[in-house]
Amino acid sequence: MKALTTLKPPEHGATVLFDAPGPRARRRTLMFSVIAAVAVLAVIGVAILQLVRSGQFSYAKWGPLIDPTNEYFAHVWARLGDGFLRTLIAAVLAIALSLIIGVAIGVARISAGRITRTPIVAFIELFRGLPVILAIYLVSRLADEFRVGVPLPGDNVLRFDLSVLPGGDLLWVLVIGLTAYNSVIIAEIVRSGVVSLPKGQNEAALALGLTRWQSLRMILLPQAFRVMLPALISQLVVVLKDTSLIAVLGGYIELLKMSRLVIENLANPIQVYVVVAAIFIAVNYALTKFAEYVERTLAARTSG
Amino acid sequence: MGVVIDNFDLYLSGFLTSVMICLWGLIGSLILGVIIATFRVSPIPILKWVGSAYVTVVRNTPLTLVLFFFAFGLPELGINTSYYAFGLAALIIYTSAFVCEAVRSGINSVSAGQAEAARSIGLGFGQSLTLVVLPQAMRTVVPPLGSVIIAMFKNSAVLGAFGVGGDLWSTGMDLSSAQGYAPLPVFIGVAVGYLCITIPSGLALQVIERKVAIAR
């Protein structure tokens with residue numbers, strides 16, 4: 001019986017595509033691993049060679065980013081830090097606003113009757129189908145038009161200027177544009193969260209004598225929020241990435257736009273973009289892992 | 001809205017250019033995405049590692065950053081080409097990571113028991129793959145892949161804003177800044193152009209999703 005206990009369980013290494021590998025398959029895997037390793041190393045080697053040949057590892061290009069004693073170091077990182085902070089501010093504001101408006105739209109979509117539902121669905125589909133960058137651009141144009149003022153009957157002029165808001169109009173153009181797009185996404189997340197709940201929850205609430213609205217507010221939404229939480233955190237990654245769209249339109253100076261300014265002075269685009277990408281990847285990866293962690297924790301807690 | 005009717009031919013050619021960008025983007029990102037997905041489900045650890053590194057890096061980087069890296073970084077290495085080629089390459093690199101994840105999740109959603117059952121009734125590897133595993137995988141892949149394609153069409157607007165030119169977005173920019181039309185009606189026309197693709201494909205996707213759904 002000793003031999004049996006040392007055997008690996010039969011499922012080990014098996015996927016729907018492959019069986020658990022036997023000795024021959026394992027040898028073959030090893031052989032292909034070596035070939036793949038050589039190929040990967042060759043690609044990396046060629047890339048590094050090309051980088052070296054064009055002087056991408058020179059101190060002049062990397063020093064301002066990695067050497068604290070470099071004369072530009074403090075200045076460059078102060079700028080990148082400022083840009084990152086501005087990216088975070090825009091993303092957090094946009095997600096907070098989208099959450100409020102999105103939940104309102106989602107609740108309206110759920111509780112609306114057949115006739116009132118149609119315009120809400122149309123509104124959701126409209127904004128979902130537009131490129132985010134178009135939403136941001138339209139908001140910036142609208143802000144311009146409103147700044148000029150809309151003439152009202154009589155001699156009155158309706159003036160609305162985003163620059164009265166804290167943070168300035170450039171920030172709010174981006175935030176409102178992102179909100180227009182993401183609030184309908186969140187509305188759909190809310191709806192699917194409520195739809196995914198067992199029917200009995202609503203039925204039990206109604207049987208207790210709660211109204212439909214009370215059932216939604218006290219029974220369904222709190223549960224739906226727990227289902228939604230991971231999706232909401234993942235959406236934050238999308239918003240964080242989308243803030244950088246403003247860099248091609250012009251306006252608010254977030255991390256990517258700030259890095260363009262650094263590059264204009266130091267002429268080291270590859271190095272700066274590598275650093276900016278690393279910042280984005282680190283934050284977004286952490287957020288994704290956090291969403292997965294929340295999903296696991298909630299699944300463990302609600303399965304009982 | 002006279003501007004849209006007056007310049008309908010411009011809008012149409014912009015629309016068609018956007019569709020062409022997406023067709024090339026689709027072909028490129030499907031090929032690259034399926035290759036990366038193959039890496040990720042292969043039994044070779046190094047390829048798995050390469051695949052997941054690619055997906056992690058690209059999915060967490062904004063498209064705009066990929067675009068800037070190509071257009072302003074690659075010329076430093078002596079690689080110079082048109083904005084169109086840089087833009088398309090960035091769109092393909094970016095989208096293929098999402099294609100990879102859609103394909104991989106489709107393959108993974110087929111339970112190993114299906115393949116075991118196929119083998120136990122005497123089907124070979126090729127038969128169990130083509131008759132049992134792939135048909136199920138394809139059905140689960142279609143809906144997320146459809147969403148990826150719709151997202152790519154919307155993302156193609158970023159290429160226009162970046163200066164690729166000739167597409168739907170650039171047409172709007174040209175009409176509003178160079179020809180002096182009021183930007184709002186111009187861009188409402190542009191928006192309608194994008195909606196012409198995204199809303200019907202979204203609806204088609206819902207129908208397909210309902211038709212091909214597998215009860216598990």
# chains A, B, ... in the order shown; residues from 1 in each chain; ligands from 1
$ closest_atom_pairs --of "chain B" --to "chain A" --cutoff "7 Å" --atoms "only C-alpha atoms" --output "CSV"
residue,atom,partner,partner_atom,distance
B:Pro43,CA,A:Thr29,CA,6.9
B:Ile44,CA,A:Ser33,CA,5.6
B:Pro45,CA,A:Ser33,CA,7.0
B:Ile46,CA,A:Ser33,CA,6.4
B:Leu47,CA,A:Ala36,CA,6.8
B:Val57,CA,A:Ile281,CA,6.3
B:Asn60,CA,A:Ile281,CA,4.9
B:Thr61,CA,A:Ile281,CA,6.0
B:Pro62,CA,A:Lys241,CA,4.7
B:Thr64,CA,A:Leu245,CA,6.2
B:Phe69,CA,A:Tyr273,CA,6.4
B:Phe72,CA,A:Pro269,CA,6.5
B:Gly73,CA,A:Ile270,CA,4.9
B:Leu77,CA,A:Ser54,CA,5.8
B:Val110,CA,A:Val16,CA,6.8
B:Ser111,CA,A:Val16,CA,6.3
B:Ala112,CA,A:Val16,CA,4.1
B:Ala115,CA,A:Val16,CA,5.7
B:Lys154,CA,A:Pro131,CA,4.5
B:Asn155,CA,A:Pro131,CA,6.4
B:Ala157,CA,A:Pro131,CA,6.6
B:Val158,CA,A:Ile133,CA,6.7
B:Ala161,CA,A:Val248,CA,6.3
B:Phe162,CA,A:Val248,CA,5.7
B:Leu184,CA,A:Arg141,CA,7.0
B:Ala191,CA,A:Leu130,CA,6.4
B:Tyr194,CA,A:Leu130,CA,6.4
B:Leu195,CA,A:Gly129,CA,5.6
B:Thr198,CA,A:Gly129,CA,5.2
B:Ile199,CA,A:Gly129,CA,6.0
$ select_by_dssp --residues "stretch 85-269 of chain A" --states "helix (DSSP H, G or I)" --output "number ranges by chain"
A: 85-111, 114-129, 132-148, 162-164, 169-195, 199-207, 212-249, 255-266, 269
$ atom_distance --atom1 "atom CA of B:Lys48" --atom2 "atom CA of B:Gly33"
13.6 Å
$ residues_around --residues "B:Ser29" --least-positions-apart "6" --cutoff "8 Å" --atoms "only C-alpha atoms" --output "list of chain:residue names"
B:Ile92, B:Ile93, B:Thr95, B:Ser96, B:Val99
$ residues_around --residues "B:Met173" --least-positions-apart "5" --cutoff "12 Å" --atoms "only C-alpha atoms" --output "PDB file with C-alpha atoms, in the first residue's frame"
ATOM      1  CA  LEU A 134     -16.612  61.143 -26.815  1.00  0.00           C
ATOM      2  CA  TYR A 137     -15.242  65.673 -25.266  1.00  0.00           C
ATOM      3  CA  LEU A 138     -18.962  66.471 -25.397  1.00  0.00           C
ATOM      4  CA  LEU A 249      -7.835  65.724 -25.670  1.00  0.00           C
TER       5      LEU A 249
ATOM      6  CA  LEU B  10     -17.777  62.686 -45.112  1.00  0.00           C
ATOM      7  CA  TYR B  11     -19.508  61.021 -42.178  1.00  0.00           C
ATOM      8  CA  GLY B  14     -15.296  58.347 -41.598  1.00  0.00           C
ATOM      9  CA  ALA B 157     -12.240  56.693 -31.193  1.00  0.00           C
ATOM     10  CA  GLY B 160      -8.940  59.262 -33.940  1.00  0.00           C
ATOM     11  CA  ALA B 161      -8.455  61.708 -31.066  1.00  0.00           C
ATOM     12  CA  PHE B 162      -4.780  60.775 -31.092  1.00  0.00           C
ATOM     13  CA  GLY B 163      -4.443  61.837 -34.708  1.00  0.00           C
ATOM     14  CA  VAL B 164      -4.767  58.712 -36.840  1.00  0.00           C
ATOM     15  CA  GLY B 165      -7.062  60.596 -39.182  1.00  0.00           C
ATOM     16  CA  GLY B 166      -9.866  59.757 -41.557  1.00  0.00           C
ATOM     17  CA  ASP B 167     -12.012  57.907 -39.041  1.00  0.00           C
ATOM     18  CA  LEU B 168     -15.353  58.934 -37.576  1.00  0.00           C
ATOM     19  CA  ALA B 178     -11.134  73.244 -39.751  1.00  0.00           C
ATOM     20  CA  GLN B 179     -14.500  73.932 -41.354  1.00  0.00           C
ATOM     21  CA  GLY B 180     -15.924  75.904 -38.475  1.00  0.00           C
ATOM     22  CA  TYR B 181     -19.205  74.110 -37.833  1.00  0.00           C
ATOM     23  CA  ALA B 182     -20.599  74.282 -34.292  1.00  0.00           C
ATOM     24  CA  PRO B 183     -19.048  71.332 -32.453  1.00  0.00           C
ATOM     25  CA  LEU B 184     -22.171  70.062 -30.701  1.00  0.00           C
ATOM     26  CA  PRO B 185     -24.284  69.091 -33.735  1.00  0.00           C
ATOM     27  CA  VAL B 186     -21.154  67.752 -35.452  1.00  0.00           C
ATOM     28  CA  PHE B 187     -20.355  65.462 -32.559  1.00  0.00           C
ATOM     29  CA  GLY B 189     -23.611  63.074 -35.652  1.00  0.00           C
ATOM     30  CA  VAL B 190     -20.359  61.334 -34.697  1.00  0.00           C
TER      31      VAL B 190
END
$ closest_residue --among "B:Leu16, B:Glu101, B:Leu63, B:Pro135" --to "B:Ala89" --atoms "only C-alpha atoms"
B:Leu63
$ atom_distance --atom1 "atom CA of A:Gly209" --atom2 "atom CA of A:Ile189"
27.8 Å
$ residues_around --residues "stretch 76-90 of chain A" --least-positions-apart "4" --cutoff "7 Å" --atoms "only C-alpha atoms" --output "list of chain:residue names"
A:Pro64, A:Tyr72, A:Ala94, A:Leu171, A:Val175, A:Leu240, A:Thr243, A:Ile253, A:Glu254, A:Leu255, A:Met258, A:Ser259, A:Val262
$ write_last_selection --atoms "N, CA and C atoms" --output "mmCIF file, in the first residue's frame"
data_model
loop_
_atom_site.group_PDB
_atom_site.id
_atom_site.type_symbol
_atom_site.label_atom_id
_atom_site.label_comp_id
_atom_site.auth_asym_id
_atom_site.auth_seq_id
_atom_site.Cartn_x
_atom_site.Cartn_y
_atom_site.Cartn_z
ATOM 1 N N PRO A 64 17.498 60.807 -13.835
ATOM 2 C CA PRO A 64 16.478 61.650 -13.208
ATOM 3 C C PRO A 64 15.339 60.838 -12.577
ATOM 4 N N TYR A 72 17.716 66.452 -11.257
ATOM 5 C CA TYR A 72 16.306 66.530 -11.669
ATOM 6 C C TYR A 72 15.389 65.629 -10.845
ATOM 7 N N ALA A 94 -14.995 60.562 -9.804
ATOM 8 C CA ALA A 94 -15.855 59.994 -10.850
ATOM 9 C C ALA A 94 -16.563 58.750 -10.344
ATOM 10 N N LEU A 171 -10.739 69.713 -14.202
ATOM 11 C CA LEU A 171 -10.998 68.485 -13.452
ATOM 12 C C LEU A 171 -12.427 68.019 -13.668
ATOM 13 N N VAL A 175 -14.266 64.576 -14.836
ATOM 14 C CA VAL A 175 -15.071 63.817 -13.869
ATOM 15 C C VAL A 175 -16.491 63.606 -14.396
ATOM 16 N N LEU A 240 -9.786 54.540 -13.445
ATOM 17 C CA LEU A 240 -8.416 55.011 -13.261
ATOM 18 C C LEU A 240 -7.682 55.050 -14.604
ATOM 19 N N THR A 243 -9.060 57.932 -16.954
ATOM 20 C CA THR A 243 -8.694 59.327 -16.691
ATOM 21 C C THR A 243 -7.633 59.793 -17.686
ATOM 22 N N ILE A 253 -4.462 68.019 -16.210
ATOM 23 C CA ILE A 253 -3.124 67.423 -16.294
ATOM 24 C C ILE A 253 -3.005 66.293 -15.274
ATOM 25 N N GLU A 254 -3.305 65.066 -15.734
ATOM 26 C CA GLU A 254 -3.177 63.904 -14.855
ATOM 27 C C GLU A 254 -1.817 63.247 -15.110
ATOM 28 N N LEU A 255 -1.649 62.041 -14.617
ATOM 29 C CA LEU A 255 -0.334 61.402 -14.660
ATOM 30 C C LEU A 255 0.265 61.316 -16.070
ATOM 31 N N MET A 258 1.126 64.732 -17.409
ATOM 32 C CA MET A 258 2.269 65.226 -16.647
ATOM 33 C C MET A 258 3.552 64.573 -17.154
ATOM 34 N N SER A 259 3.483 63.277 -17.491
ATOM 35 C CA SER A 259 4.684 62.593 -17.969
ATOM 36 C C SER A 259 5.108 63.142 -19.329
ATOM 37 N N VAL A 262 7.229 66.070 -18.551
ATOM 38 C CA VAL A 262 8.572 65.653 -18.118
ATOM 39 C C VAL A 262 9.414 65.276 -19.330
#
$ residues_around --residues "stretch 202-208 of chain B" --least-positions-apart "5" --cutoff "8 Å" --atoms "only C-alpha atoms" --output "number ranges by chain"
B: 143, 146-147, 150
$ closest_residue --among "B:Ile188, B:Ala118, B:Val55, B:Val141" --to "B:Gly172" --atoms "only C-alpha atoms"
B:Ile188
$ atom_distance --atom1 "atom CA of B:Val34" --atom2 "atom CA of B:Val19"
21.8 Å
$ decode --residues "stretch 119-135 of chain B" --atoms "all heavy atoms" --output "short mmCIF file (atom, residue, chain, number, x, y, z; two decimals), in the first residue's frame"
data_model
loop_
_atom_site.label_atom_id
_atom_site.label_comp_id
_atom_site.auth_asym_id
_atom_site.auth_seq_id
_atom_site.Cartn_x
_atom_site.Cartn_y
_atom_site.Cartn_z
N ARG B 119 -13.46 10.69 -23.47
CA ARG B 119 -12.46 9.63 -23.63
C ARG B 119 -13.02 8.27 -23.23
O ARG B 119 -12.73 7.27 -23.85
CB ARG B 119 -11.23 9.96 -22.79
CG ARG B 119 -10.15 10.66 -23.58
CD ARG B 119 -8.82 10.58 -22.86
NE ARG B 119 -8.94 11.06 -21.49
CZ ARG B 119 -8.95 12.35 -21.16
NH1 ARG B 119 -8.84 13.27 -22.09
NH2 ARG B 119 -9.06 12.72 -19.90
N SER B 120 -13.85 8.28 -22.16
CA SER B 120 -14.33 7.00 -21.66
C SER B 120 -15.29 6.34 -22.64
O SER B 120 -15.47 5.13 -22.61
CB SER B 120 -14.99 7.17 -20.29
OG SER B 120 -16.23 7.82 -20.47
N ILE B 121 -15.92 7.10 -23.53
CA ILE B 121 -16.74 6.44 -24.56
C ILE B 121 -15.91 6.16 -25.81
O ILE B 121 -16.44 5.79 -26.85
CB ILE B 121 -18.00 7.25 -24.92
CG1 ILE B 121 -17.64 8.63 -25.46
CG2 ILE B 121 -18.95 7.35 -23.73
CD1 ILE B 121 -18.81 9.36 -26.08
N GLY B 122 -14.59 6.36 -25.71
CA GLY B 122 -13.70 5.89 -26.77
C GLY B 122 -13.30 6.94 -27.79
O GLY B 122 -12.72 6.61 -28.82
N LEU B 123 -13.59 8.22 -27.55
CA LEU B 123 -13.14 9.24 -28.50
C LEU B 123 -11.65 9.52 -28.29
O LEU B 123 -11.17 9.50 -27.16
CB LEU B 123 -13.94 10.54 -28.29
CG LEU B 123 -15.46 10.48 -28.47
CD1 LEU B 123 -16.07 11.86 -28.31
CD2 LEU B 123 -15.83 9.89 -29.82
N GLY B 124 -10.95 9.80 -29.39
CA GLY B 124 -9.54 10.17 -29.29
C GLY B 124 -9.40 11.63 -28.91
O GLY B 124 -10.40 12.34 -28.73
N PHE B 125 -8.14 12.12 -28.83
CA PHE B 125 -7.90 13.51 -28.43
C PHE B 125 -8.58 14.48 -29.41
O PHE B 125 -9.30 15.38 -29.00
CB PHE B 125 -6.39 13.78 -28.36
CG PHE B 125 -6.07 15.21 -28.00
CD1 PHE B 125 -6.22 15.65 -26.70
CD2 PHE B 125 -5.63 16.11 -28.97
CE1 PHE B 125 -5.93 16.95 -26.36
CE2 PHE B 125 -5.36 17.41 -28.64
CZ PHE B 125 -5.50 17.84 -27.33
N GLY B 126 -8.33 14.24 -30.71
CA GLY B 126 -8.89 15.12 -31.73
C GLY B 126 -10.40 15.13 -31.69
O GLY B 126 -11.04 16.18 -31.75
N GLN B 127 -10.99 13.94 -31.55
CA GLN B 127 -12.45 13.84 -31.53
C GLN B 127 -13.04 14.52 -30.30
O GLN B 127 -14.01 15.26 -30.39
CB GLN B 127 -12.89 12.36 -31.56
CG GLN B 127 -12.83 11.75 -32.93
CD GLN B 127 -13.13 10.27 -32.87
OE1 GLN B 127 -12.60 9.56 -32.01
NE2 GLN B 127 -13.97 9.81 -33.78
N SER B 128 -12.43 14.24 -29.12
CA SER B 128 -13.01 14.83 -27.92
C SER B 128 -12.85 16.35 -27.95
O SER B 128 -13.70 17.09 -27.47
CB SER B 128 -12.41 14.23 -26.64
OG SER B 128 -11.04 14.43 -26.61
N LEU B 129 -11.74 16.82 -28.56
CA LEU B 129 -11.54 18.27 -28.67
C LEU B 129 -12.59 18.90 -29.59
O LEU B 129 -13.25 19.87 -29.22
CB LEU B 129 -10.13 18.56 -29.19
CG LEU B 129 -9.67 20.01 -29.08
CD1 LEU B 129 -9.48 20.37 -27.62
CD2 LEU B 129 -8.37 20.22 -29.85
N THR B 130 -12.76 18.33 -30.79
CA THR B 130 -13.63 18.97 -31.78
C THR B 130 -15.11 18.68 -31.54
O THR B 130 -15.95 19.48 -31.91
CB THR B 130 -13.26 18.53 -33.22
OG1 THR B 130 -13.24 17.10 -33.25
CG2 THR B 130 -11.91 19.06 -33.62
N LEU B 131 -15.42 17.53 -30.93
CA LEU B 131 -16.84 17.18 -30.77
C LEU B 131 -17.39 17.58 -29.40
O LEU B 131 -18.58 17.83 -29.26
CB LEU B 131 -17.04 15.67 -30.97
CG LEU B 131 -16.72 15.14 -32.37
CD1 LEU B 131 -16.85 13.63 -32.42
CD2 LEU B 131 -17.65 15.77 -33.40
N VAL B 132 -16.53 17.59 -28.37
CA VAL B 132 -17.04 17.81 -27.02
C VAL B 132 -16.55 19.13 -26.41
O VAL B 132 -17.35 19.97 -26.00
CB VAL B 132 -16.67 16.63 -26.09
CG1 VAL B 132 -17.16 16.88 -24.68
CG2 VAL B 132 -17.23 15.33 -26.65
N VAL B 133 -15.22 19.32 -26.39
CA VAL B 133 -14.68 20.46 -25.65
C VAL B 133 -14.89 21.78 -26.39
O VAL B 133 -15.48 22.72 -25.85
CB VAL B 133 -13.19 20.24 -25.32
CG1 VAL B 133 -12.62 21.46 -24.64
CG2 VAL B 133 -13.02 19.01 -24.45
N LEU B 134 -14.41 21.83 -27.66
CA LEU B 134 -14.47 23.12 -28.38
C LEU B 134 -15.89 23.66 -28.57
O LEU B 134 -16.12 24.85 -28.35
CB LEU B 134 -13.74 23.01 -29.72
CG LEU B 134 -12.23 23.21 -29.65
CD1 LEU B 134 -11.63 23.26 -31.05
CD2 LEU B 134 -11.88 24.47 -28.89
N PRO B 135 -16.87 22.82 -28.97
CA PRO B 135 -18.21 23.39 -29.13
C PRO B 135 -18.72 24.06 -27.85
O PRO B 135 -19.35 25.12 -27.91
CB PRO B 135 -19.07 22.16 -29.47
CG PRO B 135 -18.13 21.19 -30.05
CD PRO B 135 -16.83 21.40 -29.35
#
